[in-house]
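Asker: Sharing work.txt (compact mmCIF, C-alpha atoms and all ligand atoms) below.
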# COMPACT_ATOMS: atom_id res chain seq x y z
CA MET A 1090 85.77 50.38 71.67
CA ASN A 1091 85.28 47.59 74.19
CA GLU A 1092 87.36 44.40 74.32
CA LYS A 1093 85.32 42.82 71.52
CA GLY A 1094 86.16 45.70 69.19
CA LYS A 1095 82.56 46.93 69.38
CA VAL A 1096 81.37 50.39 70.35
CA PRO A 1097 78.47 50.89 72.77
CA PHE A 1098 76.31 52.58 70.16
CA SER A 1099 74.93 51.78 66.75
CA TYR A 1100 75.66 53.33 63.36
CA GLU A 1101 72.14 54.79 63.45
CA GLU A 1102 72.73 56.41 66.86
CA PHE A 1103 76.08 57.86 65.83
CA TYR A 1104 74.64 59.47 62.70
CA SER A 1105 71.13 60.18 64.02
CA ARG A 1106 71.41 63.97 63.58
CA HIS A 1107 72.54 63.45 59.99
CA LEU A 1108 69.90 60.87 59.22
CA VAL A 1109 67.09 63.30 60.00
CA MET A 1110 68.55 65.96 57.71
CA ARG A 1111 66.71 66.19 54.40
CA GLU A 1112 70.06 67.05 52.73
CA ILE A 1113 71.57 63.75 53.93
CA GLY A 1114 69.23 61.03 55.19
CA ILE A 1115 70.02 57.33 54.83
CA GLY A 1116 70.92 57.67 51.15
CA GLY A 1117 73.33 60.55 51.73
CA GLN A 1118 74.96 58.82 54.67
CA LYS A 1119 75.52 55.76 52.49
CA LYS A 1120 76.97 58.00 49.80
CA LEU A 1121 79.43 59.46 52.33
CA ALA A 1122 80.28 55.97 53.58
CA SER A 1123 81.21 54.88 50.07
CA SER A 1124 83.25 58.05 49.37
CA ARG A 1125 87.04 58.23 49.31
CA VAL A 1126 88.90 61.44 50.14
CA ALA A 1127 92.61 62.30 50.31
CA VAL A 1128 93.73 65.03 52.69
CA ILE A 1129 97.10 66.27 51.58
CA GLY A 1130 98.94 67.65 54.61
CA VAL A 1131 97.63 67.11 58.15
CA GLY A 1132 98.69 70.41 59.69
CA GLY A 1133 96.55 73.40 60.69
CA LEU A 1134 94.03 72.90 57.88
CA GLY A 1135 94.25 69.14 57.49
CA THR A 1136 93.76 68.19 61.15
CA VAL A 1137 90.52 70.17 61.19
CA SER A 1138 89.12 69.21 57.80
CA SER A 1139 89.96 65.52 58.29
CA LEU A 1140 88.31 65.48 61.73
CA TYR A 1141 85.01 66.78 60.32
CA LEU A 1142 85.21 64.50 57.29
CA ALA A 1143 85.75 61.56 59.64
CA LEU A 1144 82.93 62.59 61.97
CA ALA A 1145 80.62 63.13 59.00
CA GLY A 1146 81.26 59.54 57.95
CA VAL A 1147 83.40 59.75 54.83
CA GLY A 1148 84.12 56.03 54.52
CA TYR A 1149 87.77 56.17 53.51
CA LEU A 1150 90.30 58.89 54.31
CA ARG A 1151 93.89 58.90 53.09
CA LEU A 1152 96.09 61.22 55.17
CA ILE A 1153 99.26 62.20 53.34
CA ASP A 1154 102.05 63.83 55.35
CA GLY A 1155 105.73 63.03 55.82
CA ASP A 1156 106.29 65.39 58.77
CA LEU A 1157 106.67 64.71 62.47
CA VAL A 1158 104.73 66.50 65.23
CA GLU A 1159 106.66 69.51 66.58
CA ALA A 1160 105.96 71.85 69.49
CA LYS A 1161 105.30 74.78 67.14
CA ASN A 1162 102.36 72.82 65.62
CA LEU A 1163 100.42 72.32 68.84
CA HIS A 1164 98.67 75.71 69.09
CA ARG A 1165 96.57 75.02 66.01
CA GLN A 1166 96.89 71.42 64.81
CA ILE A 1167 94.04 70.03 66.85
CA LEU A 1168 94.69 66.28 66.56
CA TYR A 1169 98.08 66.44 68.30
CA ARG A 1170 98.98 66.52 71.99
CA PRO A 1171 102.32 67.21 73.70
CA ARG A 1172 102.81 63.44 74.12
CA ASP A 1173 102.81 63.08 70.30
CA LEU A 1174 106.00 65.15 69.78
CA GLY A 1175 108.34 63.43 67.33
CA LYS A 1176 105.71 61.00 66.03
CA PRO A 1177 104.61 60.96 62.36
CA LYS A 1178 101.67 63.32 61.91
CA ALA A 1179 99.78 61.07 59.49
CA GLU A 1180 100.01 58.12 61.88
CA VAL A 1181 98.85 60.05 64.97
CA ALA A 1182 96.07 61.74 63.00
CA ALA A 1183 94.87 58.41 61.58
CA GLU A 1184 94.72 56.93 65.07
CA ARG A 1185 92.70 59.89 66.46
CA LEU A 1186 90.23 59.83 63.57
CA SER A 1187 89.70 56.07 63.85
CA GLU A 1188 88.96 56.58 67.56
CA ALA A 1189 86.61 59.47 66.83
CA ASN A 1190 84.61 57.46 64.28
CA PRO A 1191 84.97 53.68 64.45
CA PHE A 1192 82.77 53.26 61.35
CA ILE A 1193 85.34 54.56 58.86
CA GLN A 1194 88.69 53.51 57.45
CA VAL A 1195 91.68 55.87 57.74
CA GLU A 1196 94.95 55.18 55.95
CA PRO A 1197 98.11 57.15 56.78
CA ALA A 1198 100.64 57.77 53.99
CA LEU A 1199 103.90 58.91 55.55
CA GLU A 1200 105.26 60.46 52.39
CA LYS A 1201 106.32 63.89 51.28
CA LEU A 1202 104.44 64.82 48.13
CA ASN A 1203 106.47 65.50 45.01
CA SER A 1204 105.84 65.53 41.28
CA ASN A 1205 106.91 61.87 41.02
CA ASN A 1206 104.60 60.39 43.64
CA ALA A 1207 101.62 62.80 43.47
CA GLU A 1208 99.49 60.87 40.99
CA ASN A 1209 100.00 57.58 42.80
CA LEU A 1210 99.17 59.13 46.16
CA LEU A 1211 96.00 60.79 44.89
CA ARG A 1212 94.69 58.16 42.45
CA GLY A 1213 91.40 56.46 43.31
CA VAL A 1214 89.84 59.14 45.49
CA ASP A 1215 86.70 61.19 44.80
CA CYS A 1216 88.10 64.43 46.16
CA VAL A 1217 91.42 65.93 47.29
CA VAL A 1218 91.45 68.36 50.21
CA ASP A 1219 94.19 70.95 50.61
CA GLY A 1220 96.15 70.94 53.86
CA LEU A 1221 99.33 72.35 52.36
CA ASP A 1222 101.39 75.34 53.39
CA ASN A 1223 103.20 76.25 50.17
CA MET A 1224 102.36 77.00 46.54
CA ARG A 1225 105.01 74.70 45.06
CA SER A 1226 103.24 71.63 46.46
CA ARG A 1227 99.81 73.05 45.60
CA TYR A 1228 100.83 73.36 41.94
CA ILE A 1229 101.86 69.70 41.97
CA VAL A 1230 98.51 68.67 43.48
CA ASN A 1231 96.65 70.94 41.05
CA ARG A 1232 98.28 69.33 38.02
CA ALA A 1233 97.81 65.78 39.35
CA CYS A 1234 94.14 66.48 40.13
CA ALA A 1235 93.56 68.11 36.72
CA LYS A 1236 95.10 65.08 35.00
CA LEU A 1237 93.22 62.52 37.11
CA ARG A 1238 89.97 64.56 36.91
CA ILE A 1239 89.63 64.71 40.70
CA PRO A 1240 88.09 67.85 42.25
CA TYR A 1241 90.69 69.79 44.27
CA VAL A 1242 89.24 71.60 47.28
CA PHE A 1243 91.80 74.38 47.68
CA GLY A 1244 92.37 76.31 50.90
CA ALA A 1245 95.02 78.50 52.48
CA ALA A 1246 95.31 80.11 55.91
CA MET A 1247 97.83 82.59 57.24
CA GLY A 1248 97.80 85.19 60.01
CA MET A 1249 94.11 86.13 60.18
CA GLU A 1250 93.43 85.63 56.47
CA GLY A 1251 92.19 82.76 54.36
CA ASN A 1252 91.25 81.69 50.84
CA MET A 1253 89.27 78.88 49.37
CA SER A 1254 88.00 77.50 46.07
CA VAL A 1255 87.02 74.27 44.35
CA PHE A 1256 88.99 73.48 41.21
CA ALA A 1257 87.50 70.84 38.94
CA PRO A 1258 88.72 71.36 35.38
CA PRO A 1259 87.54 71.12 32.65
CA GLU A 1260 84.28 72.25 34.33
CA THR A 1261 86.05 75.07 36.22
CA PRO A 1262 89.31 77.02 36.17
CA CYS A 1263 92.24 75.48 38.01
CA LEU A 1264 94.69 76.91 40.55
CA GLU A 1265 97.14 77.93 37.85
CA CYS A 1266 94.43 79.71 35.87
CA VAL A 1267 93.86 81.97 38.87
CA LEU A 1268 97.14 82.18 40.80
CA PRO A 1269 99.93 81.26 38.37
CA ASN A 1270 103.67 81.35 39.00
CA ILE A 1271 103.60 82.39 42.63
CA ASN A 1272 107.01 81.93 44.18
CA ASP A 1273 106.81 80.85 47.82
CA ASN A 1274 109.79 83.09 48.61
CA ILE A 1275 107.75 86.23 47.98
CA LEU A 1276 104.70 85.06 49.96
CA PRO A 1277 104.40 85.48 53.71
CA GLN A 1278 105.00 82.13 55.40
CA CYS A 1279 103.72 80.66 58.65
CA GLU A 1280 107.29 81.03 59.98
CA THR A 1281 107.40 84.78 59.39
CA ARG A 1282 103.78 86.00 59.25
CA GLY A 1283 102.57 83.52 61.85
CA VAL A 1284 99.08 82.07 62.03
CA LEU A 1285 96.38 82.67 64.63
CA SER A 1286 94.99 79.42 66.10
CA PRO A 1287 91.42 79.74 64.79
CA THR A 1288 92.33 80.83 61.24
CA PRO A 1289 93.11 77.33 59.91
CA GLY A 1290 90.26 76.06 62.10
CA ILE A 1291 87.73 78.19 60.21
CA ILE A 1292 89.15 77.49 56.75
CA GLY A 1293 89.69 73.79 57.55
CA THR A 1294 86.07 73.50 58.65
CA MET A 1295 84.90 75.20 55.46
CA LEU A 1296 87.05 72.81 53.40
CA ALA A 1297 85.24 69.90 55.04
CA MET A 1298 81.88 71.57 54.36
CA GLU A 1299 82.67 72.06 50.66
CA THR A 1300 83.95 68.50 50.34
CA ILE A 1301 80.85 67.00 51.94
CA LYS A 1302 78.62 69.13 49.65
CA LEU A 1303 80.54 67.91 46.61
CA LEU A 1304 80.25 64.28 47.71
CA LEU A 1305 76.52 64.61 48.42
CA ARG A 1306 75.93 66.85 45.39
CA VAL A 1307 73.97 69.35 47.50
CA GLY A 1308 74.05 73.14 47.66
CA GLN A 1309 76.11 75.68 45.75
CA SER A 1310 79.80 74.92 45.73
CA LEU A 1311 82.73 77.29 45.28
CA LYS A 1312 83.34 75.91 41.79
CA GLY A 1313 84.37 78.82 39.55
CA LYS A 1314 84.63 81.11 42.58
CA LEU A 1315 87.34 82.23 44.98
CA MET A 1316 86.53 83.03 48.59
CA ILE A 1317 88.69 85.67 50.26
CA CYS A 1318 88.49 86.18 54.04
CA ASP A 1319 90.11 88.64 56.40
CA PHE A 1320 89.02 87.78 59.93
CA ASN A 1321 90.67 90.92 61.34
CA ASP A 1322 87.55 92.85 60.31
CA MET A 1323 85.36 89.84 59.46
CA TYR A 1324 85.55 90.66 55.78
CA LEU A 1325 84.45 87.85 53.52
CA THR A 1326 83.89 88.05 49.80
CA ILE A 1327 83.45 85.63 46.93
CA ILE A 1328 84.64 86.56 43.44
CA GLU A 1329 84.09 84.87 40.09
CA ILE A 1330 87.18 83.32 38.53
CA ASN A 1331 87.84 82.38 34.92
CA LYS A 1332 89.86 79.90 32.93
CA ARG A 1333 93.14 81.26 31.64
CA GLU A 1334 93.85 80.72 27.97
CA ASN A 1335 96.57 78.16 27.36
CA CYS A 1336 96.88 77.34 31.06
CA PRO A 1337 99.62 74.70 31.13
CA ALA A 1338 97.95 72.84 34.00
CA CYS A 1339 94.39 72.33 32.77
CA GLN A 1340 94.35 73.00 29.03
CA THR A 1341 96.96 70.73 27.56
ZN ZN B 1401 94.18 76.08 34.53
Could you render the structure as structure tokens?
Ligand SMILES: [Zn+2]

Answerer:
Amino acid sequence: MNEKGKVPFSYEEFYSRHLVMREIGIGGQKKLASSRVAVIGVGGLGTVSSLYLALAGVGYLRLIDGDLVEAKNLHRQILYRPRDLGKPKAEVAAERLSEANPFIQVEPALEKLNSNNAENLLRGVDCVVDGLDNMRSRYIVNRACAKLRIPYVFGAAMGMEGNMSVFAPPETPCLECVLPNINDNILPQCETRGVLSPTPGIIGTMLAMETIKLLLRVGQSLKGKLMICDFNDMYLTIIEINKRENCPACQT
């Protein structure tokens, strides 16, 4: 921005390669501009998905994260630099995204998600994007999204593996229909399994892609499907998933 708070290019120039796309055009760009998305967790997945959502022109982004930037984050969490150590992730990320696209609004929420604040943090958005690193928090988001009828774009990345789906009950199964009662203590964690830099980059980018498709209502989404990737041998498959009878999260 210059001293008048203006950028040396127009809205039309910034989005010119979107505006010529038949899938987007002026109408689609307006639709993105009027869309509201919450990214829950701005770590490996969330820094990447939120950057593409911002660049694509999603008009309002709410970044929810109570953590501070640490050295162990820097090899994969692309919005942070060594000078950001100790600063709140949501605040730094919001600043970077506002710089990257001056035509959008980014709101940081420096809160740790729990079952008491989840609905308030997620209310009023069109879509919730997963940037979490544990199942306990994902179950909370899943239940809040199911209750508020907000599509939950689910993603996970670890080592060289990743998963993704779009949960939008009652139209589709929810997270607890497919992966119920998973205790984080028995799952590999980033601390022990580790995570290769590009793994959350790939999954985070795909999360942004799915979210934009949902907002624009174009293409085939991962609703009712689970994507399973193993980048070690570039294995990628998509399986059908079903609602679970009496699922406590989506069928009460
Ligand atoms: Zn369910």

Asker: For each of A:Gly1135, A:Pro1177, A:Gly1313, A:Gly1117, take the minimum atom-to-atom distance to ligand ZN 1401 (chain B), counting only C-alpha atoms and all ligand atoms, then give the residue where this is smallest.

Answerer: A:Gly1313

Asker: Report, in Å to a single decimal, how far apart atom CA of A:Glu1102 and atom CA of A:Leu1296 are.

Answerer: 25.6 Å

Asker: Around the point (98.4, 56.8, 42.7) in the file's coordinates, collect all residues with an atom within 12 Å, using only C-alpha atoms, and return them as a list in words.

Answerer: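 Residues found, by chain and rising number: Ala1127, Arg1151, Ile1153, Ala1198, Leu1202, Ser1204, Asn1205, Asn1206, Ala1207, Glu1208, Asn1209, Leu1210, Leu1211, Arg1212, Gly1213, Val1214, Val1230, Ala1233, Cys1234, Lys1236, Leu1237 and Ile1239 of chain A.
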
Asker: Have a look at A:Ala1179, A:Leu1305, A:Val1131, A:Leu1221 and name the one nearest to A:Ile1115; count all atoms listed in the file.

Answerer: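 The closest residue to A:Ile1115 is A:Leu1305.
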
Asker: For A:Leu1186, list every protein, DNA or RNA residue within 10 Å, evaluated using all atoms listed in the file, and leave out those in the same chain fewer than 5 positions away; present the list as a PyMOL selection string.

Answerer: chain A and resi 1136+1139-1144+1150+1168+1181+1191+1193-1195

Asker: Could you list, as a PyMOL selection string, all the residues within 7 Å of ligand ZN 1401 (chain B), counting all atoms listed in the file?

Answerer: chain A and resi 1262-1266+1332-1333+1336-1340
